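Below: the structure, in structure tokens.
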Amino acid sequence: MNKPVGTPVAPRHKKSLRYKFIRTLLLVAGIIGLSTLGIVGVMSAQASAEHLKSVQKYIEEGIASKGKVLTENHALALRGLTLDNAFLDMQRLIERAIKDDDDLVFGVYVSAERETLALARRPFHASDTTPERDAWRSLGLKPEELGVRSARIEHTHRFGQDLLEVAAPVLGEDGEMLGTVRYGLSTKRMQDALNAAQVDSSARLKRSFWLIGLLVGLAVAGGVFLSRLQAVKITQPIGALTRAAELFAAGHRDVRVSIESEDELELLGASFNRMVEDLGTSYKNLEEMNRTLEQKVAARTFELADKNRDMRLVLDNIDQGFVTLSPDGVMALERSRQVGAWFGESEGQVPFWHYLAHTSPDFAAGFELAWSQIAEDFLPLSVCLEQLPSRLTRGERTWSFRYLPFFRNDELEGVLVAVADITERLAREREDAEHSDLMQAFRHFVQDRTGFEVFLAESSELVASICEQKLEHDPIRLKRALHTLKGTSGSMGLSTIAETCHQAESELVESDTVSPELVRALGTRWQTLVERLTSSGLRRARMVEVPEKEYGELISLVSNGTASRKDIALRLAAFQAEPVEKAFRRLGEQAIALGRRFGKGDLRVVIDPGGVRLDYERFGGFFSELVHVVRNAVDHGIEAPEERAASGKPREGTLKLSAALAQGELRIELADDGAGIDWDGIRRAAAAHGLPHRTDAELLDALCSDGVTTRAEVTTVSGRGVGMAALRQRVLALHGTLAVSSVQGRGTTWTLRFPAGEREAFGMQSGIFAPRLVAAGLVAKAERG
């Protein structure tokens with residue numbers, strides 16, 4: 001049976017809602033009343049002040065007007081008296097004015113020569129004689145105040161009171177200055193009038209305050225009465241709701257309220273009744289659920305265990321390992337079976353780096369150091385995760401590690417470590433890379449057999465010197481050998497060899513030595529490449545290649561009988577040499593590939609071989625080193641297309657390779673239209689290495705010294721400061737010279753010169769051939785003989 005609750009009267013204590021409501025209304029009414037009273041008072045005071053100012057202004061203007069009229073009239077009268085020398089009349093005029101007007105305190109007439117002609121002041125005393133010459137000083141006047149050129153009114157303080165002084169000039173008929181008449185008018189009557197007005201204003205203001213205060217008090221009293229009535233009307237239903245809620249909390253679920261206020265409170269009462277009914281129903285349902293809860297919990301537990309078994313079955317049968325780490329790096333007990341199979345079982349919950357310490361101490365040390373950054377929470381989490389080691393190698397097996405963080409309420413809860421065995425994938429990738437290298441080797445062998453044979457011979461010597469540790473005690477030569485082998489292998493497309501050399505260079509810079517594993521890897525990869533080329537049958541006895549055009553020219557000479565036997569023999573011998581055009585084309589292809597790789601666009605390569613042939617047994621190593629100039633031109637010199645366009649250059653960069661043989665000298669030039677050499681950077685780098693750097697020759701020597709570079713970052717192409725030193729060593733070995741011309745923003749030209757005497761120019765030992773020039777020289781020599 002329901003227990004309806006009426007509208008009980010709310011208790012009258014200081015914490016009741018009715019008391020708070022009335023107190024708030026009283027406070028608001030008091031604030032409004034006091035604010036109104038203050039505003040009215042301020043406005044009344046401002047109005048009174050403005051009124052007093054207006055009264056003062058009007059009285060002051062009246063006094064000033066009276067004084068001005070008096071002085072101007074007396075100035076006219078004094079002009080005639082002055083011209084008639086009627087000194088006693090002047091005195092009587094001033095005295096009569098003082099006597100007749102109580103507002104006048106003093107009057108004085110001073111001539112232009114500062115002589116007092118008439119003077120009278122209060123207390124008034126008539127005089128039958130003219131005043132003394134400087135009697136004006138008794139008034140406190142200063143000499144500079146005696147004469148005025150026009151009527152003047154000013155406030156002064158003389159004889160212990162405030163005065164309004166009015167002065168006017170006394171002018172002759174022709175405008176000359178005769179003197180100045182001055183009267184001092186008292187402001188006492190004005191002050192008396194102002195004081196009376198102020199007293200009257202204060203009285204009116206007080207009456208206004210009392211009237212407004214009475215009105216405000218009546219308004220507050222009426223508001224309190226009305227608010228009390230409204231408070232009772234509002235708080236009675238709220239009190240009923242409060243009592244009903246207390247009864248419901250005490251366990252009376254059948255309690256109801258009856259509110260008939262025809263407003264929101266009535267709706268609130270109906271909602272309370274519906275809520276009580278709904279809660280009663282919910283309680284019944286909850287009691288029913290509690291009776292079957294144990295059965296449901298048991299069923300749910302069995303279901304979760306079944307799902308966990310399925311998940312464990314999945315984790316234990318995939319080829320990846322999973323383990324969860326807490327924010328402090330401790331491993332969770334639950335992990336996939338592969339983790340234990342790969343790295344062994346752990347005893348309890350231990351830090352991940354302790355668990356892996358027996359597998360790879362270096363990996364564990366690196367992991368612990370990087371994880372400490374996560375614990376310190378100083379760097380962003382993504383940065384810290386990137387610093388964690390991503391690969392572990394033990395024996396012939398390699399694993400990759402991925403780190404996936406998970407969060408709860410935006411706080412790091414842990415990191416899921418996904419481990420995968422990538423040994424077979426790396427083997428496939430290595431096999432694919434070696435196959436790609438072999439295909440590149442086949443392509444270059446077919447396109448330029450002689451050049452590729454020279455490359456193999458030169459590179460085999462370099463690999464042998466590195467792997468047999470012939471350069472172990474000469475780090476500079478070792479750096480040059482690695483850098484040269486990297487450059488030439490890269491130009492031939494042998495990426496695995498070039499990458500291995502780059503790794504060896506990095507190790508050499510960091511620790512002054514190359515690990516035996518990396519040396520063995522380099523030797524094995526090179527030996528595999530050579531053996532595959534040999535087994536393919538491509539490396540046969542050397543053949544002489546004759547271009548069809550030159551072969552036709554030779555047949556024509558033999559057929560016509562116009563050439564001597566020596567001329568024909570010389571031409572045939574020249575075929576044993578290699579056209580420099582092939583070497584230039586190899587360098588040009590590499591420049592184009594590097595340009596695309598470094599975002600320099602499609603380069604324009606201009607080749608001018610000059611018909612020169614070279615003996616590659618002598619000059620093959622030179623072109624292996626010359627590749628460093630080409631790589632530097634693309635990486636350091638030629639700008640990106642957008643940068644070139646912004647500086648007014650064509651979008652595509654240009655690289656020109658040329659050769660010429662003249663006057664017993666071979667000249668090879670490489671020119672680019674890039675940004676030019678950063679000589680300031682070379683100067684700074686030379687100073688850092690303690691090298692001379694004042695003259696152009698010293699700067700060139702520094703540029704071609706080991707370790708000197710303007711690059712802050714090392715790439716797989718340049719930045720180690722080794723290539724140019726290797727090139728200069730090769731040029732000097734060939735008794736050549738090296739020069740450079742560079743203009744900032746316009747480009748760089750490298751010029752390499754090698755001597756070639758007349759006898760050597762026609763012999764095989766010289767290594768230099770220019771068929772047309774040689775033929776002409778031979779004919780001339782035969783004619784001289």
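Naming scheme: A, B, ... for chains in displayed order of the structure tokens; residues 1 onward per chain; ligands 1 onward as shown.
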
- [ ] Would you mind listing what lies within 12 Å of Ala685 (chain A) as an MDAnalysis selection string, with only C-alpha atoms counted and same-chain residues fewer than 3 positions away left out?
- [x] chainID A and resid 678:682 688:693 699 702:712 721

Filtering to C-alpha atoms, could you give me those residues as a PDB file, in the first residue's frame?
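Result written to out.pdb:
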```pdb
ATOM      1  CA  ASP A 678      82.201  26.192 -51.417  1.00  0.00           C
ATOM      2  CA  TRP A 679      85.683  27.603 -50.918  1.00  0.00           C
ATOM      3  CA  ASP A 680      84.739  29.145 -47.571  1.00  0.00           C
ATOM      4  CA  GLY A 681      83.690  25.705 -46.379  1.00  0.00           C
ATOM      5  CA  ILE A 682      86.958  24.219 -47.707  1.00  0.00           C
ATOM      6  CA  ALA A 688      90.071  22.366 -38.678  1.00  0.00           C
ATOM      7  CA  HIS A 689      92.569  19.789 -40.048  1.00  0.00           C
ATOM      8  CA  GLY A 690      95.547  22.131 -39.572  1.00  0.00           C
ATOM      9  CA  LEU A 691      96.203  22.475 -43.332  1.00  0.00           C
ATOM     10  CA  PRO A 692      97.433  25.648 -45.109  1.00  0.00           C
ATOM     11  CA  HIS A 693      94.532  27.507 -46.750  1.00  0.00           C
ATOM     12  CA  LEU A 699      92.997  25.416 -51.034  1.00  0.00           C
ATOM     13  CA  ALA A 702      93.331  20.917 -48.955  1.00  0.00           C
ATOM     14  CA  LEU A 703      90.385  19.917 -51.165  1.00  0.00           C
ATOM     15  CA  CYS A 704      92.370  16.870 -52.336  1.00  0.00           C
ATOM     16  CA  SER A 705      93.463  15.877 -48.813  1.00  0.00           C
ATOM     17  CA  ASP A 706      92.062  12.961 -46.830  1.00  0.00           C
ATOM     18  CA  GLY A 707      89.163  13.801 -44.519  1.00  0.00           C
ATOM     19  CA  VAL A 708      88.470  17.305 -45.891  1.00  0.00           C
ATOM     20  CA  THR A 709      84.821  17.760 -46.850  1.00  0.00           C
ATOM     21  CA  THR A 710      82.173  20.491 -46.665  1.00  0.00           C
ATOM     22  CA  ARG A 711      79.375  18.026 -45.985  1.00  0.00           C
ATOM     23  CA  ALA A 712      78.054  17.644 -42.431  1.00  0.00           C
ATOM     24  CA  GLY A 721      86.567  13.456 -47.925  1.00  0.00           C
TER      25      GLY A 721
END
```

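Every protein, DNA or RNA residue with an atom at most 7 Å from Glu665 (chain A), where only C-alpha atoms count and chain neighbours fewer than 5 positions away do not, is listed here: Arg753, Phe754, Pro755 and Ala756 of chain A.
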
For the selection you just gave me, I'd like the residues written to a file as a CSV table (one decimal), in the first residue's frame, keeping N, CA and C atoms.
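So again10.csv came out as:
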```csv
chain,number,residue,atom,x,y,z
A,753,ARG,N,95.8,17.0,-66.9
A,753,ARG,CA,96.8,17.0,-68.0
A,753,ARG,C,97.8,15.9,-67.8
A,754,PHE,N,98.2,15.2,-68.9
A,754,PHE,CA,99.2,14.1,-68.8
A,754,PHE,C,100.2,14.3,-69.9
A,755,PRO,N,101.5,14.1,-69.7
A,755,PRO,CA,102.5,14.3,-70.8
A,755,PRO,C,102.4,13.1,-71.7
A,756,ALA,N,102.8,13.4,-73.0
A,756,ALA,CA,102.9,12.4,-74.0
A,756,ALA,C,103.9,12.9,-75.1
```

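In this model, the gap between CA of His155 (chain A) and CA of Glu60 (chain A) comes to 10.5 Å.
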
Task: Contacts of region 401-405 of chain A within 8 Å, only C-alpha atoms, excl. fewer than 4 positions in-chain, as an MDAnalysis selection string - done: chainID A and resid 385 389:392 412:420

Atoms to include: C-alpha atoms. Write the selected residues as a PDB file, in the first residue's frame.
```pdb
ATOM      1  CA  LEU A 385      60.368   3.503 -29.602  1.00  0.00           C
ATOM      2  CA  PRO A 389      66.987  -1.990 -31.407  1.00  0.00           C
ATOM      3  CA  SER A 390      65.043  -3.505 -34.282  1.00  0.00           C
ATOM      4  CA  ARG A 391      67.226  -6.483 -35.197  1.00  0.00           C
ATOM      5  CA  LEU A 392      69.030  -9.254 -33.291  1.00  0.00           C
ATOM      6  CA  LEU A 412      50.893   4.089 -21.450  1.00  0.00           C
ATOM      7  CA  GLU A 413      49.792   0.675 -20.182  1.00  0.00           C
ATOM      8  CA  GLY A 414      52.404  -1.398 -21.961  1.00  0.00           C
ATOM      9  CA  VAL A 415      54.191  -2.289 -25.197  1.00  0.00           C
ATOM     10  CA  LEU A 416      53.523  -5.349 -27.343  1.00  0.00           C
ATOM     11  CA  VAL A 417      56.769  -6.725 -28.814  1.00  0.00           C
ATOM     12  CA  ALA A 418      56.315  -8.627 -32.070  1.00  0.00           C
ATOM     13  CA  VAL A 419      59.319 -10.808 -32.981  1.00  0.00           C
ATOM     14  CA  ALA A 420      59.804 -12.445 -36.383  1.00  0.00           C
TER      15      ALA A 420
END
```

TODO: Would you list the contacts of region 601-610 of chain A as a ChimeraX atom specification, taking every protein, DNA or RNA residue within 10 Å and counting only C-alpha atoms, but skipping same-chain residues closer than 2 positions in sequence?
DONE: /A:579-585,587-589,591-599,612-613,634,638-642,651-661,668-672,770

Task: Selection near Leu171 (chain A), 10 Å with only C-alpha atoms, sequence-local residues under 2 positions removed, as a PyMOL selection string - done: chain A and resi 75-76+78-80+82+112+149+168-169+173-180

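Picture a line from CA of Leu356 (chain A) to CA of Gln373 (chain A); it runs 18.9 Å.
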
Task: All residues 8 Å or closer to region 477-493 of chain A, only C-alpha atoms, same chain fewer than 4 positions away omitted, as an NGL selection string - done: :A and (437 or 440-441 or 444 or 455 or 459 or 462-463 or 466 or 471-472 or 497-499 or 501-502 or 504-505 or 508 or 586-587 or 590 or 624-625 or 627-628 or 717 or 722-723 or 725-726)
